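Here is the structure we will look at, set down as structure tokens.
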Amino acid sequence: MATSGSSSRPGSSGEHAIQEQLGSTHRADRFYADQVLDHLNERMREFTGRQEMFFLSTADRHGNCDSTFRAGPPGFLRVLDEHTLAFPEYRGNGVHASLGNIRENPHLGILLVDFVRARIGLHVNGSAEILDDAEIRAEHPDLPQDPVPGRRAELWVRVTVHEAYIHCAKHIPHLQYAPKRTSRDWGTDDHKRKGGDFFGTARDRAGRESVESPVPAAPAEPAAGRPGGVPAPAPVPAAETIRPPVPADPPAPSARAWRERAERLLAEARARRAAGERPSYEEWFSPPQ
């Protein structure tokens, strides 16, 4: 939902035209008046501070869009004040599509969805700037920092909030946390641990290239040139490649072990909160005990 420069109403001229076409202008005006803010109120700030993921939308200067996903410990999307958010950017796959778009076009959209507790969403639209880690840390020295190189923020995105509004619960599924079978391989450069060729794109591309540029076959030796004029034997098909067996996943912890660990972590979190401690980044990525 972008703010229109030609109207005092929130939203774009395009959405206003669609509202008129479909006869929903009155309902839209009620939503604008009741739900759309130009800042984050107290409940929005609290909601943002406990989320572990969000969806990010950006576009380049030509309007070509990109949507992506960000995740981290609660508080990784940092509320600096009611008008400002900040989140860290890591090396990832090296493409940096979102940062590239922001450099050309600062407008972005963030969607936070709580699938587990409140089953509600929050839209935040605004403008962004890219800052070096040292630059933003000079203004906000309490920003979390992970000591592991692969998990250390290289840059930060600081967002100025223009709009904030609810995403209704009507179609948001209610999910539950699953027990972690292995530690998160966050920051790894291991191809397989990052997902490998899960969708088969590299395999398909290799197959297309081999069809488009087949290796020329060696010219057949004339039968008359072989001893006794016997034709050359037909090539024997290569045996099918034997792949090593895929190792089975480690057994999942029992329900009792999972419950005991969850209760222990919850008790520790409550104790830390009572003591005024901030959430630990290292714990979020550690393997289950």
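As shown in the structure tokens, the chain order sets the letters A, B, ...; within each chain, residues go from 1, and ligands are also counted from 1 in the order they appear.
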Would you pick out the contacts of region 34-42 of chain A at 7 Å or less, using only C-alpha atoms, so that residues sharing its chain but fewer than 4 positions from it are not included, and give the list as a PyMOL selection string? chain A and resi 30+46+82-83+161-166
Could the residues in this selection be written to a file with all heavy atoms, as a short mmCIF file (atom, residue, chain, number, x, y, z; two decimals), in the first residue's frame?
```cif
data_model
loop_
_atom_site.label_atom_id
_atom_site.label_comp_id
_atom_site.auth_asym_id
_atom_site.auth_seq_id
_atom_site.Cartn_x
_atom_site.Cartn_y
_atom_site.Cartn_z
N ARG A 30 -12.90 3.18 5.72
CA ARG A 30 -13.01 2.77 7.12
C ARG A 30 -11.73 2.07 7.57
O ARG A 30 -11.25 2.28 8.69
CB ARG A 30 -14.22 1.83 7.29
CG ARG A 30 -14.50 1.50 8.76
CD ARG A 30 -15.84 0.81 8.93
NE ARG A 30 -15.85 -0.49 8.29
CZ ARG A 30 -16.67 -0.83 7.30
NH1 ARG A 30 -17.53 0.06 6.81
NH2 ARG A 30 -16.63 -2.03 6.77
N GLU A 46 6.00 -4.03 20.04
CA GLU A 46 6.16 -5.26 20.82
C GLU A 46 6.04 -6.49 19.91
O GLU A 46 6.82 -7.44 20.03
CB GLU A 46 5.10 -5.31 21.91
CG GLU A 46 5.25 -6.48 22.90
CD GLU A 46 4.63 -7.76 22.40
OE1 GLU A 46 3.65 -7.69 21.63
OE2 GLU A 46 5.11 -8.85 22.76
N GLU A 82 9.65 4.55 17.11
CA GLU A 82 8.34 4.30 16.50
C GLU A 82 8.32 4.57 14.99
O GLU A 82 7.39 4.15 14.30
CB GLU A 82 7.27 5.15 17.18
CG GLU A 82 7.45 6.65 17.02
CD GLU A 82 6.32 7.43 17.67
OE1 GLU A 82 5.46 6.80 18.33
OE2 GLU A 82 6.30 8.67 17.52
N HIS A 83 9.35 5.24 14.48
CA HIS A 83 9.41 5.53 13.05
C HIS A 83 10.53 4.78 12.33
O HIS A 83 10.67 4.95 11.11
CB HIS A 83 9.62 7.04 12.83
CG HIS A 83 8.46 7.88 13.26
ND1 HIS A 83 7.28 7.96 12.54
CD2 HIS A 83 8.30 8.66 14.35
CE1 HIS A 83 6.45 8.77 13.16
NE2 HIS A 83 7.03 9.21 14.27
N VAL A 161 9.64 4.22 8.58
CA VAL A 161 8.26 3.72 8.44
C VAL A 161 7.37 4.81 7.87
O VAL A 161 7.31 5.93 8.38
CB VAL A 161 7.72 3.24 9.80
CG1 VAL A 161 6.27 2.79 9.67
CG2 VAL A 161 8.59 2.13 10.36
N HIS A 162 6.66 4.46 6.77
CA HIS A 162 5.65 5.35 6.20
C HIS A 162 4.24 4.89 6.52
O HIS A 162 3.35 5.71 6.74
CB HIS A 162 5.81 5.44 4.67
CG HIS A 162 7.12 6.02 4.26
ND1 HIS A 162 7.61 5.92 2.97
CD2 HIS A 162 8.06 6.72 4.94
CE1 HIS A 162 8.78 6.52 2.88
NE2 HIS A 162 9.07 7.01 4.07
N GLU A 163 4.04 3.57 6.51
CA GLU A 163 2.74 2.99 6.79
C GLU A 163 2.90 1.73 7.61
O GLU A 163 3.85 0.97 7.41
CB GLU A 163 1.99 2.62 5.50
CG GLU A 163 1.55 3.78 4.65
CD GLU A 163 0.82 3.31 3.41
OE1 GLU A 163 1.07 2.17 2.96
OE2 GLU A 163 0.02 4.09 2.88
N ALA A 164 1.97 1.50 8.50
CA ALA A 164 1.92 0.26 9.27
C ALA A 164 0.45 -0.10 9.48
O ALA A 164 -0.34 0.75 9.91
CB ALA A 164 2.62 0.42 10.62
N TYR A 165 0.11 -1.36 9.14
CA TYR A 165 -1.28 -1.76 9.27
C TYR A 165 -1.39 -3.27 9.39
O TYR A 165 -0.48 -4.02 9.01
CB TYR A 165 -2.13 -1.24 8.10
CG TYR A 165 -1.64 -1.63 6.72
CD1 TYR A 165 -2.12 -2.76 6.07
CD2 TYR A 165 -0.71 -0.83 6.05
CE1 TYR A 165 -1.69 -3.10 4.81
CE2 TYR A 165 -0.26 -1.16 4.79
CZ TYR A 165 -0.76 -2.30 4.17
OH TYR A 165 -0.31 -2.63 2.91
N ILE A 166 -2.52 -3.72 9.87
CA ILE A 166 -2.75 -5.11 10.20
C ILE A 166 -2.95 -5.97 8.95
O ILE A 166 -3.43 -5.49 7.92
CB ILE A 166 -3.99 -5.23 11.12
CG1 ILE A 166 -4.11 -6.61 11.75
CG2 ILE A 166 -5.25 -4.89 10.33
CD1 ILE A 166 -5.22 -6.70 12.80
#
```
Within 6 Å of region 125-141 of chain A, counting only C-alpha atoms, which residues show up once you throw out same-chain ones fewer than 4 positions away? Write them as a ChimeraX atom specification, please. /A:106-109,155-163
Only all heavy atoms, please: the residues just picked out, written as a CSV table (one decimal), in the first residue's frame.
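Saved to selection.csv:
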```
chain,number,residue,atom,x,y,z
A,106,PRO,N,14.6,3.1,-3.0
A,106,PRO,CA,14.6,2.8,-1.6
A,106,PRO,C,13.3,2.3,-1.0
A,106,PRO,O,13.2,1.9,0.1
A,106,PRO,CB,14.9,4.2,-1.0
A,106,PRO,CG,14.4,5.2,-2.1
A,106,PRO,CD,14.6,4.5,-3.4
A,107,HIS,N,12.2,2.3,-1.8
A,107,HIS,CA,10.9,1.9,-1.3
A,107,HIS,C,10.9,0.4,-1.1
A,107,HIS,O,11.3,-0.4,-1.9
A,107,HIS,CB,9.8,2.3,-2.2
A,107,HIS,CG,9.7,3.8,-2.5
A,107,HIS,ND1,9.3,4.6,-1.5
A,107,HIS,CD2,10.1,4.5,-3.5
A,107,HIS,CE1,9.4,5.9,-2.0
A,107,HIS,NE2,9.8,5.8,-3.2
A,108,LEU,N,10.3,-0.1,0.0
A,108,LEU,CA,10.2,-1.5,0.3
A,108,LEU,C,9.0,-1.8,1.1
A,108,LEU,O,8.3,-0.9,1.7
A,108,LEU,CB,11.5,-2.0,1.1
A,108,LEU,CG,11.9,-1.4,2.4
A,108,LEU,CD1,11.0,-1.6,3.5
A,108,LEU,CD2,13.3,-1.9,2.7
A,109,GLY,N,8.6,-3.1,1.2
A,109,GLY,CA,7.5,-3.5,2.0
A,109,GLY,C,7.9,-4.7,2.8
A,109,GLY,O,8.7,-5.6,2.4
A,155,LEU,N,26.3,-5.6,6.4
A,155,LEU,CA,25.6,-4.3,6.2
A,155,LEU,C,24.3,-4.3,7.0
A,155,LEU,O,23.9,-5.4,7.4
A,155,LEU,CB,25.3,-4.0,4.7
A,155,LEU,CG,26.5,-4.0,3.8
A,155,LEU,CD1,26.0,-4.0,2.3
A,155,LEU,CD2,27.3,-2.7,4.0
A,156,TRP,N,23.7,-3.2,7.2
A,156,TRP,CA,22.4,-3.1,7.8
A,156,TRP,C,21.5,-2.3,6.9
A,156,TRP,O,21.9,-1.4,6.2
A,156,TRP,CB,22.5,-2.4,9.2
A,156,TRP,CG,23.1,-3.2,10.2
A,156,TRP,CD1,24.5,-3.5,10.4
A,156,TRP,CD2,22.5,-3.9,11.3
A,156,TRP,NE1,24.7,-4.3,11.5
A,156,TRP,CE2,23.5,-4.5,12.1
A,156,TRP,CE3,21.1,-4.0,11.7
A,156,TRP,CZ2,23.2,-5.3,13.2
A,156,TRP,CZ3,20.8,-4.7,12.8
A,156,TRP,CH2,21.8,-5.4,13.6
A,157,VAL,N,20.2,-2.6,7.0
A,157,VAL,CA,19.2,-1.8,6.3
A,157,VAL,C,18.4,-1.1,7.3
A,157,VAL,O,17.8,-1.7,8.2
A,157,VAL,CB,18.3,-2.7,5.4
A,157,VAL,CG1,17.2,-1.9,4.8
A,157,VAL,CG2,19.1,-3.4,4.3
A,158,ARG,N,18.4,0.3,7.2
A,158,ARG,CA,17.6,1.1,8.2
A,158,ARG,C,16.3,1.6,7.4
A,158,ARG,O,16.4,2.1,6.3
A,158,ARG,CB,18.4,2.3,8.7
A,158,ARG,CG,17.6,3.1,9.7
A,158,ARG,CD,18.5,4.0,10.5
A,158,ARG,NE,19.2,4.9,9.7
A,158,ARG,CZ,20.3,5.7,10.1
A,158,ARG,NH1,20.7,5.6,11.3
A,158,ARG,NH2,20.8,6.6,9.3
A,159,VAL,N,15.2,1.3,8.0
A,159,VAL,CA,13.9,1.6,7.4
A,159,VAL,C,13.2,2.7,8.1
A,159,VAL,O,13.0,2.6,9.3
A,159,VAL,CB,13.0,0.3,7.4
A,159,VAL,CG1,11.7,0.6,6.7
A,159,VAL,CG2,13.7,-0.9,6.7
A,160,THR,N,12.8,3.7,7.3
A,160,THR,CA,11.9,4.7,7.8
A,160,THR,C,10.4,4.3,7.5
A,160,THR,O,10.1,4.1,6.4
A,160,THR,CB,12.2,6.1,7.2
A,160,THR,OG1,13.6,6.4,7.5
A,160,THR,CG2,11.3,7.2,7.7
A,161,VAL,N,9.6,4.2,8.6
A,161,VAL,CA,8.3,3.7,8.4
A,161,VAL,C,7.4,4.8,7.9
A,161,VAL,O,7.3,5.9,8.4
A,161,VAL,CB,7.7,3.2,9.8
A,161,VAL,CG1,6.3,2.8,9.7
A,161,VAL,CG2,8.6,2.1,10.4
A,162,HIS,N,6.7,4.5,6.8
A,162,HIS,CA,5.7,5.4,6.2
A,162,HIS,C,4.2,4.9,6.5
A,162,HIS,O,3.3,5.7,6.7
A,162,HIS,CB,5.8,5.4,4.7
A,162,HIS,CG,7.1,6.0,4.3
A,162,HIS,ND1,7.6,5.9,3.0
A,162,HIS,CD2,8.1,6.7,4.9
A,162,HIS,CE1,8.8,6.5,2.9
A,162,HIS,NE2,9.1,7.0,4.1
A,163,GLU,N,4.0,3.6,6.5
A,163,GLU,CA,2.7,3.0,6.8
A,163,GLU,C,2.9,1.7,7.6
A,163,GLU,O,3.9,1.0,7.4
A,163,GLU,CB,2.0,2.6,5.5
A,163,GLU,CG,1.5,3.8,4.7
A,163,GLU,CD,0.8,3.3,3.4
A,163,GLU,OE1,1.1,2.2,3.0
A,163,GLU,OE2,0.0,4.1,2.9
```
Pull the strand (DSSP E or B) assignments for region 2-199 of chain A out of DSSP run on the backbone, and list those residues as a ChimeraX atom specification. /A:37,53-59,65-71,78-81,84-89,107-114,120-132,155-167
